[in-house]
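Structure record follows, encoded as structure tokens.
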Amino acid sequence: MQAALAALVTAFVYLLHQDFWFWRSARPLVFGFLPIGLFYHAAYTAGISVFMWFMVHRFWPAHLEESHGE
Amino acid sequence: MIPALVVFGYLAVVLGIGLFAGRGRGGDAEDYFLAGRTIGPVVFLLSLFGTNMTAFSILGASGHAFANGIVTYGLMASSSALIIPLGIFLIGTRLWALGKRHGFMTPVQMFRDRWECGHIGTVIFAVQAVLLIPYIVIAVMGGGTTLRAVSSGLVPYWLGGAVVSLVVMGYVFFGGMRGTAWVNTFQTVLFLSFGAIAVVVIARGMGGFSSAMEALLASPSTAPLLTRERVSPLYFLSYTFIPLSSLAFPHIGIFCLTAKKLSHFRKTVVLYPLCMLAIWLPSVFLGLVANKAVDLPAIRTKVEARATLATQGPTLSPERRAELRAASSGDDVILKLVEGYAPLWLASLLGAAVMAAVMASDSQILALSTMFTEDVFAFYGGAARFGPAVQVTTGRIFVIVLTVVAYAIAMSAPQSIFDIASQYAFAGYSALSPLLIAALFWQKSTKWGALAVALWTAAAVAGVAILQSVVPAPGPGLSVAVLSLGGVDVVSRIASGTTVLGLLPVVPMTLISALLMFVVSSLTPSSRPAPATLIRYNV
């Protein structure tokens, strides 16, 4: 169940990378100079950090730590 | 001359770091090759990130964005920011635990133990080694080119390559993994500092970016650079297979074994995407905005060459197209922007940052040395016969031999050959990733499946490289069918490489590799390892 949830969340994050919705749009220029497609992927990269934080807190392989006395 | 002096100062600093890291250390192989598995959390994050950053991250990324626009970031940065930390989380942690438990120092040692094989491990070693060598050769070439450029030609190519080779060899030789990790940490701090500073200074020099962006949008030839309309979604998707290579790179796998505690992986996987953002966003954005910096003669020449290629490409001879392609190359646009808009101190800092990027071969050299001493020398009886001190000495001698051979090749071979080789080495390592996944997560995998993956990878990389050498690249936006079946173009040659059914070759290479692992392992159930072995891998 845990593995299925992790796989599902990961697949969702992976799909968000394929952002066909901004494919042909340059506007709006975020902050006046950043094309929306580039801003989306920059925000997506920051979002991955949150995703990895979630993965670490929810699915951390603690058994690997325990076997080494941490 | 001042930038050259700063670069030489930088080289002296990294050599000093390597010598300092190696002082007073014993002759223990684990200490030399893995820093005694004692790397702390900050060095682990920054060094692992620095190990994955090559000259491409600063120079190549901005050059690609100069020609292709914002799509560069989605193709290479955000996909890597997802796949690499996820791979470290799923695979790196398990490699670390198995390495700590069973004393492994290389991935091949684990494969040999996991699949109860000997010579098949040697085949995997050979494929990994051959795929790594082009990176080392290119680093020597990059060092020679960069030193020649920052010294305005005072330091010739051969001397620049020699100086960089000697410095890298010096700190790898004396510092081993500890020295390499410390130098990588220093280099990563330099990269991270440079990106933000360069954006601010160049923005001031150009009078702000808003007007540049509006001007790019107003021109039909540059407006598409601010969208992804020139790239198909399928092609975009296929780029997400490239970062799988970092899971299979031996220098990354070996580096995962150096962490003192498993908890060091926590911060690394969370912060890794932010490091990617800090380096790639400035690189890609500056590459894009360089299209508007036509007041700089060097950049205007590039833009004009590209326009000629786009309008007259099909009517030109292959030689003329190759000339124009070289003239329009944007790999040095950041250098040109800084030269044009930044003060001398920033140009000097940039020279050091570029040098840091092209010197990323240190990890590969150390990894090859570790692999040779562990997977070949020790495996075939050398360590048992001569002892651990000789093993470390062998590793150090291998570092020297490898550096000399790489230098000799770099001085005699054309760079284009190694550009192609390194381009497809990424795909090759992606195709090797099913080895790690099967070893760690699929108990029914066998050594014959592993052999099939290794042989297929070698054949596929060679095949694509030969195809690209034989069939010349067409002009931008054009496609030449190499193999068609039933009216469908299966294999095509395009300006930037090769496609298979519209996908990068890495996709079929990796999928066929995974399929071979499954099919061949299923056909050879009698070769499955003993239950006692499998229990050890139940992680």
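To be explicit about the labels: the chains of the structure tokens are called A, B, and onward in the order shown, and within each one the residues are counted from 1, while ligands get numbers from 1 in the order they are shown.
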
Can you build me a table of chain B residues sitting at most 7 Å from chain A, with the closest atom pair per residue and its distance in Å to one decimal, using only C-alpha atoms, sorted by chain and residue number, as JSON lines?
```
{"residue": "B:Ile70", "atom": "CA", "partner": "A:Leu38", "partner_atom": "CA", "distance": 5.8}
{"residue": "B:Gly74", "atom": "CA", "partner": "A:His41", "partner_atom": "CA", "distance": 6.2}
{"residue": "B:Ser78", "atom": "CA", "partner": "A:Thr45", "partner_atom": "CA", "distance": 5.5}
{"residue": "B:Ala81", "atom": "CA", "partner": "A:Thr45", "partner_atom": "CA", "distance": 6.3}
{"residue": "B:Leu82", "atom": "CA", "partner": "A:Ile48", "partner_atom": "CA", "distance": 6.2}
{"residue": "B:Ala97", "atom": "CA", "partner": "A:Leu64", "partner_atom": "CA", "distance": 6.1}
{"residue": "B:Phe209", "atom": "CA", "partner": "A:Phe33", "partner_atom": "CA", "distance": 5.8}
{"residue": "B:Ser210", "atom": "CA", "partner": "A:Phe33", "partner_atom": "CA", "distance": 4.6}
{"residue": "B:Met213", "atom": "CA", "partner": "A:Phe33", "partner_atom": "CA", "distance": 5.9}
{"residue": "B:Leu226", "atom": "CA", "partner": "A:Ala26", "partner_atom": "CA", "distance": 5.4}
{"residue": "B:Thr227", "atom": "CA", "partner": "A:Arg24", "partner_atom": "CA", "distance": 5.3}
{"residue": "B:Arg228", "atom": "CA", "partner": "A:Trp23", "partner_atom": "CA", "distance": 5.3}
{"residue": "B:Glu229", "atom": "CA", "partner": "A:Arg24", "partner_atom": "CA", "distance": 5.3}
{"residue": "B:Leu237", "atom": "CA", "partner": "A:Gln18", "partner_atom": "CA", "distance": 6.9}
{"residue": "B:Leu262", "atom": "CA", "partner": "A:Glu65", "partner_atom": "CA", "distance": 6.2}
{"residue": "B:Arg266", "atom": "CA", "partner": "A:Val56", "partner_atom": "CA", "distance": 6.4}
{"residue": "B:Val269", "atom": "CA", "partner": "A:Met52", "partner_atom": "CA", "distance": 6.4}
{"residue": "B:Val270", "atom": "CA", "partner": "A:Ser49", "partner_atom": "CA", "distance": 5.0}
{"residue": "B:Leu271", "atom": "CA", "partner": "A:Ser49", "partner_atom": "CA", "distance": 6.3}
{"residue": "B:Pro273", "atom": "CA", "partner": "A:Ser49", "partner_atom": "CA", "distance": 5.6}
{"residue": "B:Leu274", "atom": "CA", "partner": "A:Ala46", "partner_atom": "CA", "distance": 6.0}
{"residue": "B:Leu277", "atom": "CA", "partner": "A:Thr45", "partner_atom": "CA", "distance": 6.5}
```

From a DSSP pass on the backbone, collect the residues of chain A flagged as strand (DSSP E) and hand them back as a compact mmCIF listing (two decimals) with N, CA and C atoms, in the first residue's frame.
```
# COMPACT_ATOMS: atom_id res chain seq x y z
N LEU A 29 4.89 37.32 -19.03
CA LEU A 29 6.29 37.34 -18.62
C LEU A 29 6.31 37.59 -17.11
N VAL A 30 6.62 36.56 -16.36
CA VAL A 30 6.60 36.67 -14.90
C VAL A 30 7.74 37.60 -14.46
N LEU A 34 10.45 36.85 -17.29
CA LEU A 34 10.61 35.39 -17.32
C LEU A 34 9.43 34.76 -18.07
N PRO A 35 9.68 34.16 -19.26
CA PRO A 35 8.57 33.52 -19.99
C PRO A 35 7.86 32.49 -19.11
```

Note to self: Please return, as a ChimeraX atom specification, all residues of chain A that DSSP assigns to helix (DSSP H, G or I) on the basis of the backbone.
What the structure shows: /A:2-17,20-22,36-59,62-66

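Taking CA of Lys444 in chain B and CA of Met110 in chain B as the two end points, the separation is 16.0 Å.
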
Do a neighbour search on range 119-128 of chain B at 9 Å with only C-alpha atoms, toss out local chain neighbours closer than 4 positions, and write the hits as a CSV table (one decimal) with C-alpha atoms, in the first residue's frame.
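Result file is around.csv:
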```csv
chain,number,residue,atom,x,y,z
B,108,VAL,CA,30.8,-4.3,-10.1
B,109,GLN,CA,31.7,-5.9,-6.8
B,111,PHE,CA,27.0,-7.2,-9.2
B,112,ARG,CA,29.5,-10.1,-8.9
B,132,LEU,CA,33.8,7.0,-19.0
B,133,ILE,CA,37.0,7.6,-21.0
B,248,ALA,CA,24.5,4.0,-13.4
B,249,PHE,CA,27.5,6.3,-13.5
B,250,PRO,CA,30.1,4.4,-11.4
B,368,LEU,CA,38.1,4.4,-12.9
B,371,MET,CA,37.3,0.1,-10.4
B,372,PHE,CA,40.5,-1.0,-11.9
B,375,ASP,CA,37.3,-5.0,-10.0
B,376,VAL,CA,40.4,-6.2,-11.9
B,428,GLY,CA,24.8,4.2,-22.7
B,429,TYR,CA,24.7,4.7,-18.9
B,432,LEU,CA,22.9,0.2,-18.0
B,447,LYS,CA,23.9,-13.0,-14.5
B,448,TRP,CA,22.9,-13.8,-18.1
B,450,ALA,CA,23.1,-8.7,-16.7
B,451,LEU,CA,25.5,-9.9,-19.5
B,453,VAL,CA,22.3,-5.7,-20.8
B,454,ALA,CA,26.0,-4.9,-20.9
B,455,LEU,CA,26.5,-6.3,-24.5
B,457,THR,CA,24.5,-1.3,-24.4
B,458,ALA,CA,27.9,-1.5,-25.9
```

Quick one: which range 340-439 of chain B residues come within 7 Å of range 2-12 of chain B, and what is the nearest atom pair for each with the distance in Å to one decimal, counting only C-alpha atoms, rows ordered by chain and ascending number, as CSV?
```
residue,atom,partner,partner_atom,distance
B:Ala347,CA,B:Pro3,CA,6.5
B:Ser348,CA,B:Pro3,CA,4.0
B:Gly351,CA,B:Val7,CA,6.1
B:Ala352,CA,B:Val7,CA,4.9
```

For the residues in the current selection, export N, CA and C atoms as an mmCIF file, in the first residue's frame.
```cif
data_model
loop_
_atom_site.group_PDB
_atom_site.id
_atom_site.type_symbol
_atom_site.label_atom_id
_atom_site.label_comp_id
_atom_site.auth_asym_id
_atom_site.auth_seq_id
_atom_site.Cartn_x
_atom_site.Cartn_y
_atom_site.Cartn_z
ATOM 1 N N ALA B 347 34.769 38.770 -14.826
ATOM 2 C CA ALA B 347 35.320 37.965 -15.914
ATOM 3 C C ALA B 347 36.366 36.985 -15.359
ATOM 4 N N SER B 348 37.138 37.464 -14.393
ATOM 5 C CA SER B 348 38.158 36.607 -13.780
ATOM 6 C C SER B 348 37.500 35.469 -13.004
ATOM 7 N N GLY B 351 36.197 32.903 -15.312
ATOM 8 C CA GLY B 351 37.255 32.017 -15.800
ATOM 9 C C GLY B 351 37.492 30.878 -14.831
ATOM 10 N N ALA B 352 37.507 31.200 -13.535
ATOM 11 C CA ALA B 352 37.711 30.160 -12.523
ATOM 12 C C ALA B 352 36.518 29.203 -12.480
#
```

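Of note, CA of Tyr171 in chain B and CA of Val14 in chain B are spaced 7.4 Å apart.
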
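Distance-wise, CA of Leu75 in chain B and CA of Gly63 in chain B end up 13.8 Å apart.
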
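Excluding Trp280 in chain B itself and same-chain residues fewer than 5 positions from it, the residues having an atom within 9 Å of it are Ser57, Ile58, Ala61, Ser62, Tyr73, Met76, Ala77, Gly195, Cys275 and Phe285 of chain B, counting only C-alpha atoms.
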
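Using only C-alpha atoms, the protein and nucleic acid residues lying no more than 7 Å from range 27-40 of chain B, apart from those fewer than 4 places from it along its own chain, are Phe44, Gly176, Met177, Arg178, Leu257, Thr258, Ala259, Lys260, Thr370, Pro388, Ala389, Gln391 and Val392 of chain B.
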